[in-house]
>>> print(open('model17.tsv').read())   # TSV, C-alpha atoms
chain	number	residue	atom	x	y	z
L	1	MET	CA	180.55	157.89	31.58
L	2	PRO	CA	181.81	157.28	35.17
L	3	TRP	CA	178.25	157.43	36.52
L	4	PHE	CA	177.07	155.03	33.81
L	5	PHE	CA	179.95	152.64	34.49
L	6	TRP	CA	179.36	152.50	38.24
L	7	SER	CA	175.60	152.14	37.74
L	8	LEU	CA	176.30	149.27	35.36
L	9	CYS	CA	178.45	147.66	38.03
L	10	VAL	CA	175.69	148.08	40.64
L	11	VAL	CA	173.02	146.59	38.35
L	12	ALA	CA	175.30	143.71	37.34
L	13	TRP	CA	176.19	143.16	41.00
L	14	LEU	CA	172.52	142.92	41.99
L	15	GLY	CA	171.75	140.77	38.95
L	16	GLY	CA	174.49	138.38	39.96
L	17	PHE	CA	172.34	137.15	42.86
L	18	PHE	CA	169.90	135.65	40.32
L	19	GLY	CA	172.50	133.73	38.33
L	20	PHE	CA	174.58	134.45	35.27
L	21	THR	CA	171.82	134.33	32.62
L	22	ILE	CA	169.14	136.21	34.54
L	23	GLY	CA	171.75	138.69	35.74
L	24	TRP	CA	172.69	139.72	32.22
L	25	ILE	CA	169.01	139.89	31.23
L	26	ILE	CA	168.52	142.39	34.06
L	27	VAL	CA	171.50	144.40	32.79
L	28	ALA	CA	170.10	144.38	29.23
L	29	VAL	CA	166.66	145.55	30.42
L	30	TRP	CA	168.27	148.36	32.41
L	31	VAL	CA	170.27	149.51	29.38
L	32	ILE	CA	167.18	149.45	27.15
L	33	SER	CA	165.19	151.35	29.79
L	34	GLY	CA	167.05	154.51	28.81
L	35	ALA	CA	164.54	154.84	25.98
L	36	VAL	CA	162.00	156.23	28.46
L	37	THR	CA	163.92	159.52	28.42
L	38	LEU	CA	162.54	160.07	24.90
L	39	LEU	CA	159.05	160.41	26.36
L	40	SER	CA	157.94	163.97	27.16
L	41	PRO	CA	156.60	163.35	30.71
L	42	THR	CA	159.88	161.78	31.85
L	43	GLU	CA	161.42	165.08	32.98
L	44	GLU	CA	158.40	165.94	35.10
L	45	VAL	CA	158.31	162.46	36.65
L	46	ILE	CA	162.01	162.67	37.55
L	47	ALA	CA	161.60	166.17	38.95
L	48	ARG	CA	158.60	165.28	41.12
L	49	HIS	CA	159.29	161.73	42.23
L	50	VAL	CA	163.08	161.27	42.00
L	51	LEU	CA	164.42	164.73	42.85
L	52	ARG	CA	161.42	165.60	45.08
L	53	LEU	CA	160.87	169.03	43.52
L	54	ARG	CA	157.67	171.06	43.27
L	55	LEU	CA	156.43	173.77	40.92
L	56	PRO	CA	156.47	177.33	42.33
L	57	THR	CA	153.27	179.01	43.44
L	58	LEU	CA	151.99	182.15	41.69
L	59	ILE	CA	153.63	184.40	44.28
L	60	GLU	CA	156.92	182.50	43.96
L	61	GLN	CA	156.71	182.80	40.16
L	62	GLN	CA	156.38	186.57	40.50
L	63	ARG	CA	159.63	186.65	42.49
L	64	LEU	CA	161.47	184.20	40.26
L	65	GLY	CA	160.32	185.59	36.91
L	66	PRO	CA	162.35	188.84	36.68
L	67	ALA	CA	165.51	187.24	38.12
L	68	TRP	CA	165.26	184.24	35.79
L	69	HIS	CA	164.74	186.35	32.64
L	70	GLN	CA	167.73	188.50	33.57
L	71	VAL	CA	169.95	185.44	34.00
L	72	ALA	CA	168.70	183.88	30.75
L	73	ARG	CA	169.46	187.15	28.93
L	74	ALA	CA	172.99	187.21	30.35
L	75	ALA	CA	173.57	183.59	29.29
L	76	GLY	CA	171.98	184.07	25.85
L	77	VAL	CA	169.39	181.31	26.27
L	78	ASN	CA	165.62	181.22	25.80
L	79	PRO	CA	164.04	181.44	29.29
L	80	ASP	CA	160.99	179.49	28.10
L	81	ARG	CA	163.18	176.52	27.25
L	82	TYR	CA	163.56	175.61	30.93
L	83	THR	CA	161.11	174.97	33.76
L	84	ILE	CA	161.82	176.37	37.24
L	85	TRP	CA	161.16	174.04	40.19
L	86	ILE	CA	161.51	174.47	43.95
L	87	GLN	CA	163.53	172.16	46.19
L	88	GLU	CA	162.42	172.12	49.83
L	89	SER	CA	165.92	172.57	51.20
L	90	ASP	CA	167.87	174.99	53.38
L	91	ASP	CA	170.98	174.67	51.22
L	92	ALA	CA	172.28	177.54	49.12
L	93	ASN	CA	172.05	175.53	45.88
L	94	ALA	CA	169.73	172.78	44.74
L	95	THR	CA	170.69	169.33	43.50
L	96	PRO	CA	171.97	169.48	39.88
L	97	THR	CA	169.08	168.64	37.59
L	98	PRO	CA	168.95	167.04	34.12
L	99	GLY	CA	167.18	168.03	30.93
L	100	HIS	CA	165.30	171.34	30.95
L	101	THR	CA	164.75	171.36	34.73
L	102	ILE	CA	166.15	174.25	36.79
L	103	ALA	CA	165.81	173.90	40.57
L	104	VAL	CA	166.22	176.57	43.25
L	105	THR	CA	166.09	175.93	46.99
L	106	ARG	CA	163.47	177.35	49.31
L	107	TRP	CA	166.25	179.01	51.32
L	108	ALA	CA	167.54	180.93	48.31
L	109	LEU	CA	164.06	181.89	47.15
L	110	TYR	CA	162.96	183.36	50.49
L	111	THR	CA	166.25	184.57	51.97
L	112	VAL	CA	168.49	186.27	49.42
L	113	PRO	CA	167.71	189.60	47.66
L	114	GLY	CA	166.98	189.85	43.94
L	115	GLN	CA	170.56	190.30	42.67
L	116	HIS	CA	171.74	187.38	44.78
L	117	LEU	CA	168.82	185.25	43.59
L	118	GLU	CA	170.04	185.87	40.05
L	119	ALA	CA	173.45	184.53	41.09
L	120	VAL	CA	171.86	181.38	42.49
L	121	LEU	CA	169.87	180.87	39.29
L	122	ALA	CA	173.01	181.49	37.24
L	123	HIS	CA	174.75	178.69	39.11
L	124	GLU	CA	171.82	176.32	38.50
L	125	LEU	CA	171.66	177.27	34.81
L	126	SER	CA	175.42	176.75	34.48
L	127	HIS	CA	174.90	173.04	35.08
L	128	HIS	CA	173.03	173.01	31.75
L	129	LEU	CA	175.26	175.27	29.65
L	130	GLY	CA	177.47	173.57	27.09
L	131	GLY	CA	175.56	170.29	27.14
L	132	ARG	CA	172.58	168.80	25.38
L	133	ALA	CA	169.42	168.55	27.43
L	134	ARG	CA	168.43	165.13	26.10
L	135	LEU	CA	171.90	163.73	26.70
L	136	SER	CA	172.00	165.08	30.27
L	137	LEU	CA	168.60	163.50	30.93
L	138	LEU	CA	169.81	160.14	29.60
L	139	SER	CA	172.98	160.45	31.67
L	140	PHE	CA	170.98	161.14	34.84
L	141	TRP	CA	168.69	158.18	34.15
L	142	TYR	CA	171.63	155.79	33.90
L	143	SER	CA	173.23	157.29	37.01
L	144	ILE	CA	170.26	156.53	39.29
L	145	PRO	CA	171.53	153.10	40.54
L	146	ALA	CA	174.91	154.59	41.46
L	147	ARG	CA	173.26	157.60	43.13
L	148	VAL	CA	170.98	155.34	45.18
L	149	THR	CA	174.01	153.33	46.30
L	150	LEU	CA	175.81	156.53	47.27
L	151	ILE	CA	172.78	157.68	49.28
L	152	GLY	CA	172.79	154.33	51.11
L	153	VAL	CA	176.46	154.68	52.01
L	154	ARG	CA	175.88	158.19	53.35
L	155	ALA	CA	172.87	156.97	55.36
L	156	LEU	CA	175.05	154.36	57.03
L	157	GLY	CA	177.60	157.05	57.83
L	158	ARG	CA	174.92	159.23	59.46
L	159	LEU	CA	173.66	156.22	61.42
L	160	MET	CA	177.15	155.60	62.79
L	161	ARG	CA	177.44	159.22	63.93
L	162	LYS	CA	173.98	159.43	65.53
L	163	ILE	CA	173.79	155.95	67.09
L	164	PRO	CA	177.34	154.54	67.17
L	165	ALA	CA	176.41	151.17	68.71
L	166	LEU	CA	173.58	150.43	66.27
L	167	GLY	CA	175.48	151.85	63.31
L	168	CYS	CA	178.57	149.75	64.02
L	169	ALA	CA	176.43	146.62	64.50
L	170	VAL	CA	174.65	147.12	61.17
L	171	ILE	CA	177.89	147.85	59.32
L	172	ALA	CA	179.61	144.85	60.93
L	173	PHE	CA	176.76	142.58	59.83
L	174	LEU	CA	176.84	143.94	56.27
L	175	ALA	CA	180.64	143.67	56.17
L	176	LEU	CA	180.58	140.01	57.25
L	177	ALA	CA	177.83	139.16	54.75
L	178	TYR	CA	179.68	141.01	52.02
L	179	ALA	CA	182.98	139.31	52.86
L	180	GLY	CA	181.26	135.90	52.73
L	181	ILE	CA	179.73	136.60	49.31
L	182	LEU	CA	183.03	137.94	47.99
L	183	ALA	CA	184.90	134.87	49.27
L	184	ALA	CA	182.36	132.59	47.55
L	185	VAL	CA	182.75	134.50	44.29
L	186	LEU	CA	186.54	134.30	44.46
L	187	ILE	CA	186.56	130.58	45.28
L	188	PHE	CA	183.81	129.28	43.01
L	189	GLY	CA	183.64	131.95	40.29
L	190	ASN	CA	185.44	131.93	36.98
L	191	GLY	CA	187.57	134.91	35.98
L	192	TYR	CA	187.93	138.27	37.65
L	193	LEU	CA	184.84	140.12	36.37
L	194	TRP	CA	182.46	139.22	39.20
L	195	PRO	CA	185.06	139.79	41.96
L	196	PHE	CA	185.69	143.24	40.50
L	197	LEU	CA	181.96	144.00	40.41
L	198	PHE	CA	181.63	142.98	44.04
L	199	LEU	CA	184.39	145.40	44.98
L	200	THR	CA	182.63	148.37	43.35
L	201	PRO	CA	180.59	149.31	46.47
L	202	LEU	CA	183.92	150.04	48.18
L	203	ILE	CA	185.49	151.90	45.25
L	204	ALA	CA	182.65	153.84	43.66
L	205	PRO	CA	181.23	156.09	46.45
L	206	PRO	CA	184.31	158.33	46.99
L	207	ILE	CA	184.91	158.63	43.24
L	208	LEU	CA	181.30	159.59	42.52
L	209	ALA	CA	181.29	162.06	45.42
L	210	TRP	CA	184.42	163.68	43.98
L	211	LEU	CA	182.77	163.93	40.55
L	212	SER	CA	179.75	165.66	42.09
L	213	ARG	CA	181.95	168.17	43.91
L	214	ARG	CA	183.83	168.85	40.67
L	215	GLN	CA	180.53	169.46	38.85
L	216	VAL	CA	179.47	172.07	41.43
L	217	LYS	CA	182.79	173.91	41.10
L	218	GLN	CA	182.50	173.93	37.30
L	219	ALA	CA	179.03	175.48	37.60
L	220	ASP	CA	180.46	178.13	39.94
L	221	ARG	CA	183.11	179.03	37.34
L	222	LYS	CA	180.51	179.35	34.58
L	223	ALA	CA	178.30	181.53	36.79
L	224	ALA	CA	181.30	183.76	37.51
L	225	GLN	CA	182.00	184.06	33.78
L	226	LEU	CA	178.41	185.31	33.36
L	227	GLY	CA	179.22	188.12	35.79
L	228	TYR	CA	177.69	186.66	38.95
L	229	GLY	CA	180.87	185.69	40.77
L	230	PRO	CA	180.87	188.42	43.46
L	231	SER	CA	177.13	188.01	44.11
L	232	LEU	CA	177.48	184.24	44.44
L	233	VAL	CA	180.34	184.71	46.91
L	234	GLN	CA	178.07	186.92	49.02
L	235	VAL	CA	175.33	184.26	48.87
L	236	LEU	CA	177.76	181.60	50.10
L	237	HIS	CA	179.05	183.87	52.88
L	238	GLY	CA	175.47	184.56	54.00
L	239	TRP	CA	174.55	180.89	53.97
L	240	GLN	CA	177.73	180.01	55.88
L	241	MET	CA	177.03	182.58	58.59
L	242	GLN	CA	173.43	181.40	58.96
L	243	HIS	CA	174.43	177.72	59.22
L	244	GLN	CA	177.72	178.13	61.08
L	245	LYS	CA	176.64	176.13	64.15
L	246	THR	CA	175.39	173.21	62.05
L	247	LEU	CA	178.54	173.18	59.96
L	248	GLY	CA	180.66	173.08	63.10
L	249	GLN	CA	178.75	170.09	64.46
L	250	LEU	CA	178.67	168.01	61.27
L	251	GLY	CA	181.96	168.93	59.66
L	252	SER	CA	184.61	166.23	59.58
L	253	ARG	CA	187.22	164.86	57.23
L	254	ARG	CA	185.15	161.76	56.50
L	255	ALA	CA	181.97	163.77	55.88
L	256	GLU	CA	183.79	166.12	53.50
L	257	PHE	CA	185.40	163.18	51.70
L	258	MET	CA	182.03	161.53	51.05
L	259	SER	CA	180.05	164.73	50.47
L	260	SER	CA	178.61	165.45	47.02
L	261	ARG	CA	179.08	169.19	47.63
L	262	PRO	CA	182.42	170.94	48.10
L	263	ALA	CA	183.05	172.95	51.23
L	264	VAL	CA	181.83	176.54	51.10
L	265	VAL	CA	185.38	177.81	51.55
L	266	ASP	CA	186.54	175.77	48.54
L	267	ARG	CA	183.71	177.18	46.42
L	268	ILE	CA	184.61	180.73	47.44
L	269	HIS	CA	188.25	180.10	46.50
L	270	VAL	CA	187.11	178.87	43.08
L	271	LEU	CA	184.95	181.96	42.54
L	272	GLU	CA	187.75	184.30	43.63
L	273	SER	CA	190.40	182.63	41.47
L	274	PRO	CA	191.64	184.58	38.38
L	275	GLN	CA	190.33	181.84	36.06
L	276	SER	CA	186.76	182.57	37.19
L	277	LEU	CA	186.94	186.33	36.70
>>> encode(input="model17.tsv", output="structure tokens")
Amino acid sequence: MPWFFWSLCVVAWLGGFFGFTIGWIIVAVWVISGAVTLLSPTEEVIARHVLRLRLPTLIEQQRLGPAWHQVARAAGVNPDRYTIWIQESDDANATPTPGHTIAVTRWALYTVPGQHLEAVLAHELSHHLGGRARLSLLSFWYSIPARVTLIGVRALGRLMRKIPALGCAVIAFLALAYAGILAAVLIFGNGYLWPFLFLTPLIAPPILAWLSRRQVKQADRKAAQLGYGPSLVQVLHGWQMQHQKTLGQLGSRRAEFMSSRPAVVDRIHVLESPQSL
């Protein structure tokens, strides 16, 4: 519901540039568009073109197959119900996926041993346990506008760190334009709905980032309850040691606050807590 609400605010905010009537037509079309999740190819389209995943090769399937069937047996689910995809990433875990899509990163597939690969797959499967696949797919579809906005905010943050002068100039321009639009809405608008919608780009990103971090920690707890807690801790320690220099360069309070993934240390604390054992 929070993702849907903030996406609704983003769509209404963009629709407001076209006037009141056209703006609400855009909102209505966006709400109705959720019906596309009832179509069978939707999951594959989202996996390929939104999440940028790919299907594993035959050799990768031979490595994934035994580990995946073992995890599915431990969780009590049908392994054929889900489709395994590969995310070209050096992270320990892939982006949480909707529907019947399970993603594993290239780093996990080619770096960790079999038992640890099971732990990674258990974490990815845990995002799907306890929820309905169709509902999670619909939820992801409605969250896309908010996710795109969050990606844009993070991109501006990276621009400020890499090229401070250009990043500050771009953000100053956007801030002035935004302040002018907000002032016009407050002066000439009726009521408080539109002013609130125009404030959502400032409010939503940290809340949505916190929700994403919470989701990752919940998946860690479920994976630990399946018996993969110690193995997942070892995976996180191995990833942390391999990426220690990068973490030292990019780590900061602001980056952690806006990150969609919790810090590795926080995840390890969650896995080692008595509630996860």
>>> residues_around(input="model17.tsv", residues="Tyr110 (chain L)", least_positions_apart="6", cutoff="10 Å", atoms="all atoms listed in the file", output="PyMOL selection string")
chain L and resi 60+63+117
>>> residues_around(input="model17.tsv", residues="Ile102 (chain L)", least_positions_apart="3", cutoff="7 Å", atoms="only C-alpha atoms", output="short mmCIF file (atom, residue, chain, number, x, y, z; two decimals) with C-alpha atoms, in the coordinates of the input")
data_model
loop_
_atom_site.label_atom_id
_atom_site.label_comp_id
_atom_site.auth_asym_id
_atom_site.auth_seq_id
_atom_site.Cartn_x
_atom_site.Cartn_y
_atom_site.Cartn_z
CA TYR L 82 163.56 175.61 30.93
CA THR L 83 161.11 174.97 33.76
CA ILE L 84 161.82 176.37 37.24
CA TRP L 85 161.16 174.04 40.19
CA THR L 97 169.08 168.64 37.59
CA GLU L 124 171.82 176.32 38.50
CA LEU L 125 171.66 177.27 34.81
#
>>> closest_residue(input="model17.tsv", among="L:Ile207, L:Ala92, L:Ala35, L:Ile59", to="Val112 (chain L)", atoms="only C-alpha atoms")
L:Ala92
>>> residues_around(input="model17.tsv", residues="Val29 (chain L)", least_positions_apart="5", cutoff="12 Å", atoms="all atoms listed in the file", output="list in words")
Leu8, Val11, Ala12, Gly15, Ile22, Gly23, Trp24, Gly34, Ala35, Val36 and Tyr142 of chain L
>>> closest_atom_pairs(input="model17.tsv", of="region 95-145 of chain L", to="region 44-53 of chain L", cutoff="9 Å", atoms="all atoms listed in the file", output="CSV")
residue,atom,partner,partner_atom,distance
L:Thr95,CA,L:Leu51,CA,7.8
L:Thr97,CA,L:Ala47,CA,8.0
L:Pro98,CA,L:Ala47,CA,8.8
L:Thr101,CA,L:Ala47,CA,7.4
L:Ala103,CA,L:Leu53,CA,7.5
L:Trp141,CA,L:Ile46,CA,8.7
